[in-house]
file model-v2.cif (mmCIF, N, CA and C atoms)
data_final
loop_
_atom_site.label_atom_id
_atom_site.label_comp_id
_atom_site.auth_asym_id
_atom_site.auth_seq_id
_atom_site.Cartn_x
_atom_site.Cartn_y
_atom_site.Cartn_z
N MET A 1 137.37 18.03 -95.13
CA MET A 1 136.22 17.57 -95.87
C MET A 1 136.57 16.26 -96.58
N ILE A 2 135.69 15.30 -96.48
CA ILE A 2 135.90 13.99 -97.10
C ILE A 2 135.21 14.00 -98.45
N ASN A 3 135.92 13.60 -99.46
CA ASN A 3 135.36 13.52 -100.81
C ASN A 3 135.16 12.06 -101.15
N LEU A 4 133.92 11.66 -101.30
CA LEU A 4 133.60 10.28 -101.63
C LEU A 4 133.28 10.18 -103.12
N ALA A 5 133.91 9.26 -103.77
CA ALA A 5 133.64 9.05 -105.19
C ALA A 5 132.44 8.13 -105.34
N ILE A 6 131.64 8.40 -106.32
CA ILE A 6 130.49 7.55 -106.62
C ILE A 6 130.88 6.62 -107.75
N ILE A 7 130.74 5.35 -107.49
CA ILE A 7 131.07 4.34 -108.49
C ILE A 7 129.77 3.65 -108.88
N SER A 8 129.54 3.56 -110.16
CA SER A 8 128.35 2.85 -110.61
C SER A 8 128.78 1.64 -111.42
N ALA A 9 128.08 0.55 -111.18
CA ALA A 9 128.38 -0.69 -111.89
C ALA A 9 127.06 -1.34 -112.28
N PRO A 10 126.97 -1.83 -113.50
CA PRO A 10 125.72 -2.49 -113.90
C PRO A 10 125.52 -3.80 -113.14
N ILE A 11 124.29 -4.03 -112.76
CA ILE A 11 123.95 -5.28 -112.07
C ILE A 11 122.93 -6.01 -112.92
N GLU A 12 123.21 -7.25 -113.20
CA GLU A 12 122.28 -8.06 -113.98
C GLU A 12 121.46 -8.93 -113.04
N ILE A 13 120.15 -8.81 -113.16
CA ILE A 13 119.25 -9.59 -112.32
C ILE A 13 118.46 -10.53 -113.24
N PRO A 14 118.50 -11.82 -112.95
CA PRO A 14 117.74 -12.76 -113.79
C PRO A 14 116.25 -12.44 -113.77
N GLU A 15 115.57 -12.73 -114.87
CA GLU A 15 114.13 -12.47 -114.97
C GLU A 15 113.34 -13.22 -113.90
N SER A 16 113.79 -14.39 -113.53
CA SER A 16 113.06 -15.19 -112.55
C SER A 16 113.15 -14.61 -111.14
N PHE A 17 114.06 -13.66 -110.93
CA PHE A 17 114.25 -13.08 -109.60
C PHE A 17 112.97 -12.45 -109.08
N GLY A 18 112.26 -11.71 -109.94
CA GLY A 18 111.02 -11.05 -109.52
C GLY A 18 109.98 -12.05 -109.06
N GLU A 19 109.85 -13.15 -109.80
CA GLU A 19 108.88 -14.18 -109.43
C GLU A 19 109.26 -14.86 -108.12
N GLU A 20 110.55 -15.13 -107.96
CA GLU A 20 111.02 -15.76 -106.72
C GLU A 20 110.81 -14.82 -105.54
N LEU A 21 111.11 -13.55 -105.73
CA LEU A 21 110.93 -12.57 -104.67
C LEU A 21 109.45 -12.46 -104.29
N ALA A 22 108.57 -12.43 -105.29
CA ALA A 22 107.13 -12.36 -105.03
C ALA A 22 106.66 -13.58 -104.26
N ALA A 23 107.17 -14.77 -104.60
CA ALA A 23 106.78 -15.99 -103.91
C ALA A 23 107.23 -15.96 -102.45
N VAL A 24 108.43 -15.47 -102.20
CA VAL A 24 108.94 -15.39 -100.82
C VAL A 24 108.10 -14.40 -100.01
N ILE A 25 107.79 -13.25 -100.60
CA ILE A 25 106.99 -12.25 -99.91
C ILE A 25 105.59 -12.78 -99.63
N ALA A 26 104.98 -13.44 -100.61
CA ALA A 26 103.63 -14.00 -100.42
C ALA A 26 103.63 -15.03 -99.30
N ALA A 27 104.65 -15.89 -99.26
CA ALA A 27 104.73 -16.91 -98.21
C ALA A 27 104.84 -16.26 -96.83
N LYS A 28 105.64 -15.20 -96.72
CA LYS A 28 105.80 -14.51 -95.44
C LYS A 28 104.49 -13.84 -95.00
N VAL A 29 103.80 -13.23 -95.95
CA VAL A 29 102.53 -12.58 -95.64
C VAL A 29 101.52 -13.62 -95.14
N LEU A 30 101.42 -14.74 -95.86
CA LEU A 30 100.49 -15.80 -95.43
C LEU A 30 100.86 -16.34 -94.05
N GLN A 31 102.15 -16.46 -93.79
CA GLN A 31 102.60 -16.94 -92.47
C GLN A 31 102.16 -15.97 -91.39
N LYS A 32 102.37 -14.67 -91.61
CA LYS A 32 101.99 -13.66 -90.61
C LYS A 32 100.48 -13.62 -90.42
N VAL A 33 99.73 -13.73 -91.51
CA VAL A 33 98.27 -13.75 -91.40
C VAL A 33 97.84 -14.98 -90.61
N GLY A 34 98.46 -16.11 -90.91
CA GLY A 34 98.13 -17.34 -90.18
C GLY A 34 98.42 -17.23 -88.69
N GLU A 35 99.49 -16.52 -88.35
CA GLU A 35 99.82 -16.32 -86.93
C GLU A 35 98.82 -15.40 -86.25
N SER A 36 98.32 -14.42 -86.99
CA SER A 36 97.41 -13.46 -86.37
C SER A 36 95.98 -13.98 -86.28
N ILE A 37 95.62 -14.89 -87.17
CA ILE A 37 94.28 -15.48 -87.12
C ILE A 37 94.35 -16.72 -86.24
N LYS A 38 93.70 -16.69 -85.14
CA LYS A 38 93.78 -17.75 -84.15
C LYS A 38 92.58 -18.69 -84.21
N ALA A 39 92.23 -19.12 -85.42
CA ALA A 39 91.06 -19.99 -85.57
C ALA A 39 91.23 -21.28 -84.77
N GLU A 40 92.45 -21.74 -84.60
CA GLU A 40 92.68 -22.96 -83.82
C GLU A 40 92.35 -22.76 -82.34
N ASP A 41 92.36 -21.51 -81.89
CA ASP A 41 92.06 -21.22 -80.49
C ASP A 41 90.55 -21.21 -80.20
N LEU A 42 89.76 -21.25 -81.26
CA LEU A 42 88.31 -21.25 -81.07
C LEU A 42 87.82 -22.60 -80.55
N PRO A 43 86.79 -22.60 -79.69
CA PRO A 43 86.17 -23.86 -79.31
C PRO A 43 85.48 -24.46 -80.55
N PRO A 44 85.10 -25.74 -80.51
CA PRO A 44 84.49 -26.37 -81.69
C PRO A 44 83.25 -25.63 -82.21
N TYR A 45 82.41 -25.11 -81.31
CA TYR A 45 81.20 -24.39 -81.72
C TYR A 45 81.13 -23.06 -80.95
N PRO A 46 81.95 -22.09 -81.34
CA PRO A 46 82.00 -20.83 -80.59
C PRO A 46 80.76 -19.97 -80.81
N THR A 47 80.50 -19.15 -79.80
CA THR A 47 79.44 -18.15 -79.92
C THR A 47 79.97 -16.99 -80.76
N LYS A 48 79.07 -16.11 -81.13
CA LYS A 48 79.46 -14.92 -81.88
C LYS A 48 80.45 -14.09 -81.06
N LYS A 49 80.19 -13.98 -79.77
CA LYS A 49 81.05 -13.21 -78.88
C LYS A 49 82.46 -13.82 -78.83
N GLN A 50 82.56 -15.14 -78.74
CA GLN A 50 83.86 -15.80 -78.70
C GLN A 50 84.63 -15.59 -80.00
N VAL A 51 83.93 -15.69 -81.13
CA VAL A 51 84.58 -15.48 -82.42
C VAL A 51 85.16 -14.07 -82.49
N LYS A 52 84.37 -13.09 -82.07
CA LYS A 52 84.84 -11.70 -82.11
C LYS A 52 86.05 -11.50 -81.20
N GLN A 53 86.00 -12.08 -80.01
CA GLN A 53 87.10 -11.90 -79.05
C GLN A 53 88.38 -12.58 -79.53
N ILE A 54 88.28 -13.83 -79.93
CA ILE A 54 89.47 -14.60 -80.29
C ILE A 54 90.09 -14.12 -81.59
N LEU A 55 89.25 -13.78 -82.58
CA LEU A 55 89.77 -13.31 -83.85
C LEU A 55 90.01 -11.80 -83.88
N ARG A 56 89.66 -11.15 -82.76
CA ARG A 56 89.84 -9.72 -82.61
C ARG A 56 89.18 -8.95 -83.76
N ILE A 57 87.89 -9.21 -83.94
CA ILE A 57 87.11 -8.50 -84.95
C ILE A 57 85.91 -7.88 -84.27
N GLY A 58 85.29 -6.95 -84.94
CA GLY A 58 84.13 -6.27 -84.38
C GLY A 58 82.83 -6.84 -84.92
N GLU A 59 81.75 -6.29 -84.40
CA GLU A 59 80.40 -6.71 -84.79
C GLU A 59 80.18 -6.51 -86.29
N GLU A 60 80.65 -5.39 -86.81
CA GLU A 60 80.46 -5.10 -88.24
C GLU A 60 81.16 -6.14 -89.12
N ARG A 61 82.37 -6.52 -88.76
CA ARG A 61 83.13 -7.49 -89.57
C ARG A 61 82.44 -8.86 -89.57
N ILE A 62 82.03 -9.33 -88.40
CA ILE A 62 81.41 -10.66 -88.37
C ILE A 62 80.07 -10.64 -89.12
N ASN A 63 79.35 -9.52 -89.04
CA ASN A 63 78.09 -9.41 -89.79
C ASN A 63 78.35 -9.41 -91.30
N GLU A 64 79.44 -8.77 -91.73
CA GLU A 64 79.83 -8.81 -93.14
C GLU A 64 80.10 -10.25 -93.56
N TRP A 65 80.84 -10.98 -92.73
CA TRP A 65 81.17 -12.38 -93.04
C TRP A 65 79.90 -13.22 -93.17
N ILE A 66 78.94 -12.97 -92.29
CA ILE A 66 77.68 -13.72 -92.33
C ILE A 66 76.96 -13.42 -93.65
N ILE A 67 76.91 -12.16 -94.03
CA ILE A 67 76.29 -11.77 -95.30
C ILE A 67 77.01 -12.43 -96.47
N GLU A 68 78.35 -12.54 -96.37
CA GLU A 68 79.16 -13.14 -97.43
C GLU A 68 79.07 -14.67 -97.45
N GLY A 69 78.39 -15.26 -96.46
CA GLY A 69 78.17 -16.69 -96.51
C GLY A 69 78.74 -17.52 -95.37
N LEU A 70 79.25 -16.90 -94.32
CA LEU A 70 79.73 -17.67 -93.17
C LEU A 70 78.54 -18.38 -92.54
N PRO A 71 78.53 -19.72 -92.53
CA PRO A 71 77.38 -20.46 -92.00
C PRO A 71 77.20 -20.23 -90.49
N GLN A 72 75.95 -20.14 -90.08
CA GLN A 72 75.59 -19.97 -88.67
C GLN A 72 74.81 -21.19 -88.20
N ILE A 73 74.86 -21.43 -86.91
CA ILE A 73 74.09 -22.51 -86.30
C ILE A 73 73.16 -21.88 -85.26
N PRO A 74 71.84 -21.89 -85.50
CA PRO A 74 70.92 -21.37 -84.47
C PRO A 74 71.00 -22.30 -83.26
N PHE A 75 71.22 -21.71 -82.10
CA PHE A 75 71.40 -22.50 -80.89
C PHE A 75 70.67 -21.78 -79.77
N GLY A 76 69.38 -22.10 -79.62
CA GLY A 76 68.58 -21.39 -78.62
C GLY A 76 68.46 -19.93 -78.99
N LYS A 77 68.81 -19.05 -78.05
CA LYS A 77 68.71 -17.62 -78.29
C LYS A 77 69.98 -17.04 -78.89
N GLU A 78 71.02 -17.86 -79.04
CA GLU A 78 72.27 -17.32 -79.57
C GLU A 78 72.66 -18.01 -80.87
N THR A 79 73.60 -17.41 -81.54
CA THR A 79 74.13 -17.96 -82.78
C THR A 79 75.48 -18.58 -82.50
N ARG A 80 75.69 -19.76 -83.01
CA ARG A 80 77.00 -20.39 -82.90
C ARG A 80 77.53 -20.66 -84.29
N PHE A 81 78.81 -20.97 -84.36
CA PHE A 81 79.47 -21.25 -85.61
C PHE A 81 80.26 -22.54 -85.47
N ASP A 82 80.54 -23.18 -86.57
CA ASP A 82 81.41 -24.36 -86.57
C ASP A 82 82.83 -23.87 -86.84
N ARG A 83 83.76 -24.21 -85.98
CA ARG A 83 85.15 -23.78 -86.13
C ARG A 83 85.69 -24.12 -87.51
N ASP A 84 85.38 -25.31 -88.04
CA ASP A 84 85.86 -25.70 -89.36
C ASP A 84 85.25 -24.83 -90.46
N ASP A 85 83.98 -24.44 -90.29
CA ASP A 85 83.36 -23.53 -91.25
C ASP A 85 84.08 -22.18 -91.26
N ILE A 86 84.46 -21.72 -90.09
CA ILE A 86 85.19 -20.44 -89.99
C ILE A 86 86.52 -20.55 -90.71
N LYS A 87 87.24 -21.65 -90.48
CA LYS A 87 88.54 -21.84 -91.16
C LYS A 87 88.37 -21.87 -92.67
N ARG A 88 87.37 -22.62 -93.14
CA ARG A 88 87.13 -22.69 -94.59
C ARG A 88 86.78 -21.31 -95.15
N PHE A 89 85.94 -20.59 -94.42
CA PHE A 89 85.54 -19.26 -94.87
C PHE A 89 86.75 -18.33 -94.94
N LEU A 90 87.58 -18.35 -93.91
CA LEU A 90 88.76 -17.49 -93.91
C LEU A 90 89.73 -17.86 -95.03
N ASN A 91 89.81 -19.15 -95.34
CA ASN A 91 90.68 -19.56 -96.45
C ASN A 91 90.21 -19.01 -97.78
N THR A 92 88.92 -18.76 -97.93
CA THR A 92 88.42 -18.17 -99.18
C THR A 92 88.82 -16.71 -99.28
N LYS A 93 89.22 -16.12 -98.17
CA LYS A 93 89.60 -14.71 -98.14
C LYS A 93 91.07 -14.49 -98.52
N LYS A 94 91.82 -15.57 -98.65
CA LYS A 94 93.24 -15.44 -98.98
C LYS A 94 93.41 -14.81 -100.36
N ILE A 95 94.41 -13.99 -100.45
CA ILE A 95 94.71 -13.34 -101.73
C ILE A 95 95.73 -14.15 -102.49
#
call {"tool": "encode", "arguments": {"input": "model-v2.cif", "output": "structure tokens"}}
result
Amino acid sequence: MINLAIISAPIEIPESFGEELAAVIAAKVLQKVGESIKAEDLPPYPTKKQVKQILRIGEERINEWIIEGLPQIPFGKETRFDRDDIKRFLNTKKI
């Protein structure tokens, strides 16, 4: 049987460590979100269907965004969006 001794030693962590750690985590989260949101892959004036496919969202989500103020462009019988409007709208969603 192996007997392992437990040694405890105090560790001092600077107060700024928590803030630095939070900043690093926030940057990583934003990077991952940016990678998953493919707004750059959208055509300049995508249809509702293209937005849903490229951003991998459903009908309910895009309808929520429209209610929340995502600008639409009436284009004949379909609705189109401005890619830059989508990017601006998504930037307002950042935490």
call {"tool": "select_by_dssp", "arguments": {"input": "model-v2.cif", "residues": "chain A", "states": "helix (DSSP H, G or I)", "output": "ChimeraX atom specification"}}
result
/A:16-36,39-41,48-55,59-67,83-92
call {"tool": "atom_distance", "arguments": {"input": "model-v2.cif", "atom1": "atom C of A:Thr47", "atom2": "atom C of A:Thr79"}}
result
5.1 Å
call {"tool": "closest_residue", "arguments": {"input": "model-v2.cif", "among": "A:Lys28, A:Lys49, A:Lys93, A:Leu42", "to": "A:Arg80", "atoms": "all atoms listed in the file"}}
result
A:Lys49
call {"tool": "atom_distance", "arguments": {"input": "model-v2.cif", "atom1": "atom N of A:Pro71", "atom2": "atom C of A:Ile57"}}
result
16.2 Å
call {"tool": "select_by_dssp", "arguments": {"input": "model-v2.cif", "residues": "chain A", "states": "strand (DSSP E or B)", "output": "PyMOL selection string"}}
result
chain A and resi 47+73-75+78-80
call {"tool": "resolve_selection", "arguments": {"input": "model-v2.cif", "expression": "the PyMOL selection byres ((chain A and resi 83) around 7)", "output": "PDB file with N, CA and C atoms, in the frame of the given file"}}
result
ATOM      1  N   ALA A  39      92.230 -19.120 -85.420  1.00  0.00           N
ATOM      2  CA  ALA A  39      91.060 -19.990 -85.570  1.00  0.00           C
ATOM      3  C   ALA A  39      91.230 -21.280 -84.770  1.00  0.00           C
ATOM      4  N   LEU A  42      89.760 -21.250 -81.260  1.00  0.00           N
ATOM      5  CA  LEU A  42      88.310 -21.250 -81.070  1.00  0.00           C
ATOM      6  C   LEU A  42      87.820 -22.600 -80.550  1.00  0.00           C
ATOM      7  N   PRO A  43      86.790 -22.600 -79.690  1.00  0.00           N
ATOM      8  CA  PRO A  43      86.170 -23.860 -79.310  1.00  0.00           C
ATOM      9  C   PRO A  43      85.480 -24.460 -80.550  1.00  0.00           C
ATOM     10  N   PRO A  44      85.100 -25.740 -80.510  1.00  0.00           N
ATOM     11  CA  PRO A  44      84.490 -26.370 -81.690  1.00  0.00           C
ATOM     12  C   PRO A  44      83.250 -25.630 -82.210  1.00  0.00           C
ATOM     13  N   TYR A  45      82.410 -25.110 -81.310  1.00  0.00           N
ATOM     14  CA  TYR A  45      81.200 -24.390 -81.720  1.00  0.00           C
ATOM     15  C   TYR A  45      81.130 -23.060 -80.950  1.00  0.00           C
ATOM     16  N   PRO A  46      81.950 -22.090 -81.340  1.00  0.00           N
ATOM     17  CA  PRO A  46      82.000 -20.830 -80.590  1.00  0.00           C
ATOM     18  C   PRO A  46      80.760 -19.970 -80.810  1.00  0.00           C
ATOM     19  N   PHE A  81      78.810 -20.970 -84.360  1.00  0.00           N
ATOM     20  CA  PHE A  81      79.470 -21.250 -85.610  1.00  0.00           C
ATOM     21  C   PHE A  81      80.260 -22.540 -85.470  1.00  0.00           C
ATOM     22  N   ASP A  82      80.540 -23.180 -86.570  1.00  0.00           N
ATOM     23  CA  ASP A  82      81.410 -24.360 -86.570  1.00  0.00           C
ATOM     24  C   ASP A  82      82.830 -23.870 -86.840  1.00  0.00           C
ATOM     25  N   ASP A  84      85.380 -25.310 -88.040  1.00  0.00           N
ATOM     26  CA  ASP A  84      85.860 -25.700 -89.360  1.00  0.00           C
ATOM     27  C   ASP A  84      85.250 -24.830 -90.460  1.00  0.00           C
ATOM     28  N   ASP A  85      83.980 -24.440 -90.290  1.00  0.00           N
ATOM     29  CA  ASP A  85      83.360 -23.530 -91.250  1.00  0.00           C
ATOM     30  C   ASP A  85      84.080 -22.180 -91.260  1.00  0.00           C
ATOM     31  N   ILE A  86      84.460 -21.720 -90.090  1.00  0.00           N
ATOM     32  CA  ILE A  86      85.190 -20.440 -89.990  1.00  0.00           C
ATOM     33  C   ILE A  86      86.520 -20.550 -90.710  1.00  0.00           C
ATOM     34  N   LYS A  87      87.240 -21.650 -90.480  1.00  0.00           N
ATOM     35  CA  LYS A  87      88.540 -21.840 -91.160  1.00  0.00           C
ATOM     36  C   LYS A  87      88.370 -21.870 -92.670  1.00  0.00           C
ATOM     37  N   ARG A  88      87.370 -22.620 -93.140  1.00  0.00           N
ATOM     38  CA  ARG A  88      87.130 -22.690 -94.590  1.00  0.00           C
ATOM     39  C   ARG A  88      86.780 -21.310 -95.150  1.00  0.00           C
TER      40      ARG A  88
END
call {"tool": "closest_residue", "arguments": {"input": "model-v2.cif", "among": "A:Lys94, A:Glu40, A:Glu15, A:Asn3", "to": "A:Leu55", "atoms": "only C-alpha atoms"}}
result
A:Glu40
call {"tool": "closest_residue", "arguments": {"input": "model-v2.cif", "among": "A:Ala23, A:Val29, A:Leu90, A:Ile54", "to": "A:Leu70", "atoms": "all atoms listed in the file"}}
result
A:Leu90
call {"tool": "atom_distance", "arguments": {"input": "model-v2.cif", "atom1": "atom CA of A:Glu68", "atom2": "atom C of A:Asn91"}}
result
12.5 Å
call {"tool": "build_atoms", "arguments": {"input": "model-v2.cif", "residues": "stretch 75-90 of chain A", "atoms": "N, CA, C and O atoms", "output": "compact mmCIF listing (two decimals), keeping the file's coordinate frame"}}
result
# COMPACT_ATOMS: atom_id res chain seq x y z
N PHE A 75 71.22 -21.71 -82.10
CA PHE A 75 71.40 -22.50 -80.89
C PHE A 75 70.67 -21.78 -79.77
O PHE A 75 71.24 -20.95 -79.07
N GLY A 76 69.38 -22.10 -79.62
CA GLY A 76 68.58 -21.39 -78.62
C GLY A 76 68.46 -19.93 -78.99
O GLY A 76 68.12 -19.59 -80.11
N LYS A 77 68.81 -19.05 -78.05
CA LYS A 77 68.71 -17.62 -78.29
C LYS A 77 69.98 -17.04 -78.89
O LYS A 77 70.03 -15.85 -79.18
N GLU A 78 71.02 -17.86 -79.04
CA GLU A 78 72.27 -17.32 -79.57
C GLU A 78 72.66 -18.01 -80.87
O GLU A 78 72.11 -19.05 -81.22
N THR A 79 73.60 -17.41 -81.54
CA THR A 79 74.13 -17.96 -82.78
C THR A 79 75.48 -18.58 -82.50
O THR A 79 76.30 -17.99 -81.80
N ARG A 80 75.69 -19.76 -83.01
CA ARG A 80 77.00 -20.39 -82.90
C ARG A 80 77.53 -20.66 -84.29
O ARG A 80 76.81 -20.59 -85.28
N PHE A 81 78.81 -20.97 -84.36
CA PHE A 81 79.47 -21.25 -85.61
C PHE A 81 80.26 -22.54 -85.47
O PHE A 81 80.63 -22.92 -84.36
N ASP A 82 80.54 -23.18 -86.57
CA ASP A 82 81.41 -24.36 -86.57
C ASP A 82 82.83 -23.87 -86.84
O ASP A 82 83.06 -23.14 -87.81
N ARG A 83 83.76 -24.21 -85.98
CA ARG A 83 85.15 -23.78 -86.13
C ARG A 83 85.69 -24.12 -87.51
O ARG A 83 86.38 -23.31 -88.14
N ASP A 84 85.38 -25.31 -88.04
CA ASP A 84 85.86 -25.70 -89.36
C ASP A 84 85.25 -24.83 -90.46
O ASP A 84 85.91 -24.52 -91.44
N ASP A 85 83.98 -24.44 -90.29
CA ASP A 85 83.36 -23.53 -91.25
C ASP A 85 84.08 -22.18 -91.26
O ASP A 85 84.27 -21.58 -92.32
N ILE A 86 84.46 -21.72 -90.09
CA ILE A 86 85.19 -20.44 -89.99
C ILE A 86 86.52 -20.55 -90.71
O ILE A 86 86.90 -19.67 -91.49
N LYS A 87 87.24 -21.65 -90.48
CA LYS A 87 88.54 -21.84 -91.16
C LYS A 87 88.37 -21.87 -92.67
O LYS A 87 89.12 -21.23 -93.40
N ARG A 88 87.37 -22.62 -93.14
CA ARG A 88 87.13 -22.69 -94.59
C ARG A 88 86.78 -21.31 -95.15
O ARG A 88 87.28 -20.90 -96.20
N PHE A 89 85.94 -20.59 -94.42
CA PHE A 89 85.54 -19.26 -94.87
C PHE A 89 86.75 -18.33 -94.94
O PHE A 89 86.94 -17.61 -95.93
N LEU A 90 87.58 -18.35 -93.91
CA LEU A 90 88.76 -17.49 -93.91
C LEU A 90 89.73 -17.86 -95.03
O LEU A 90 90.40 -16.99 -95.60
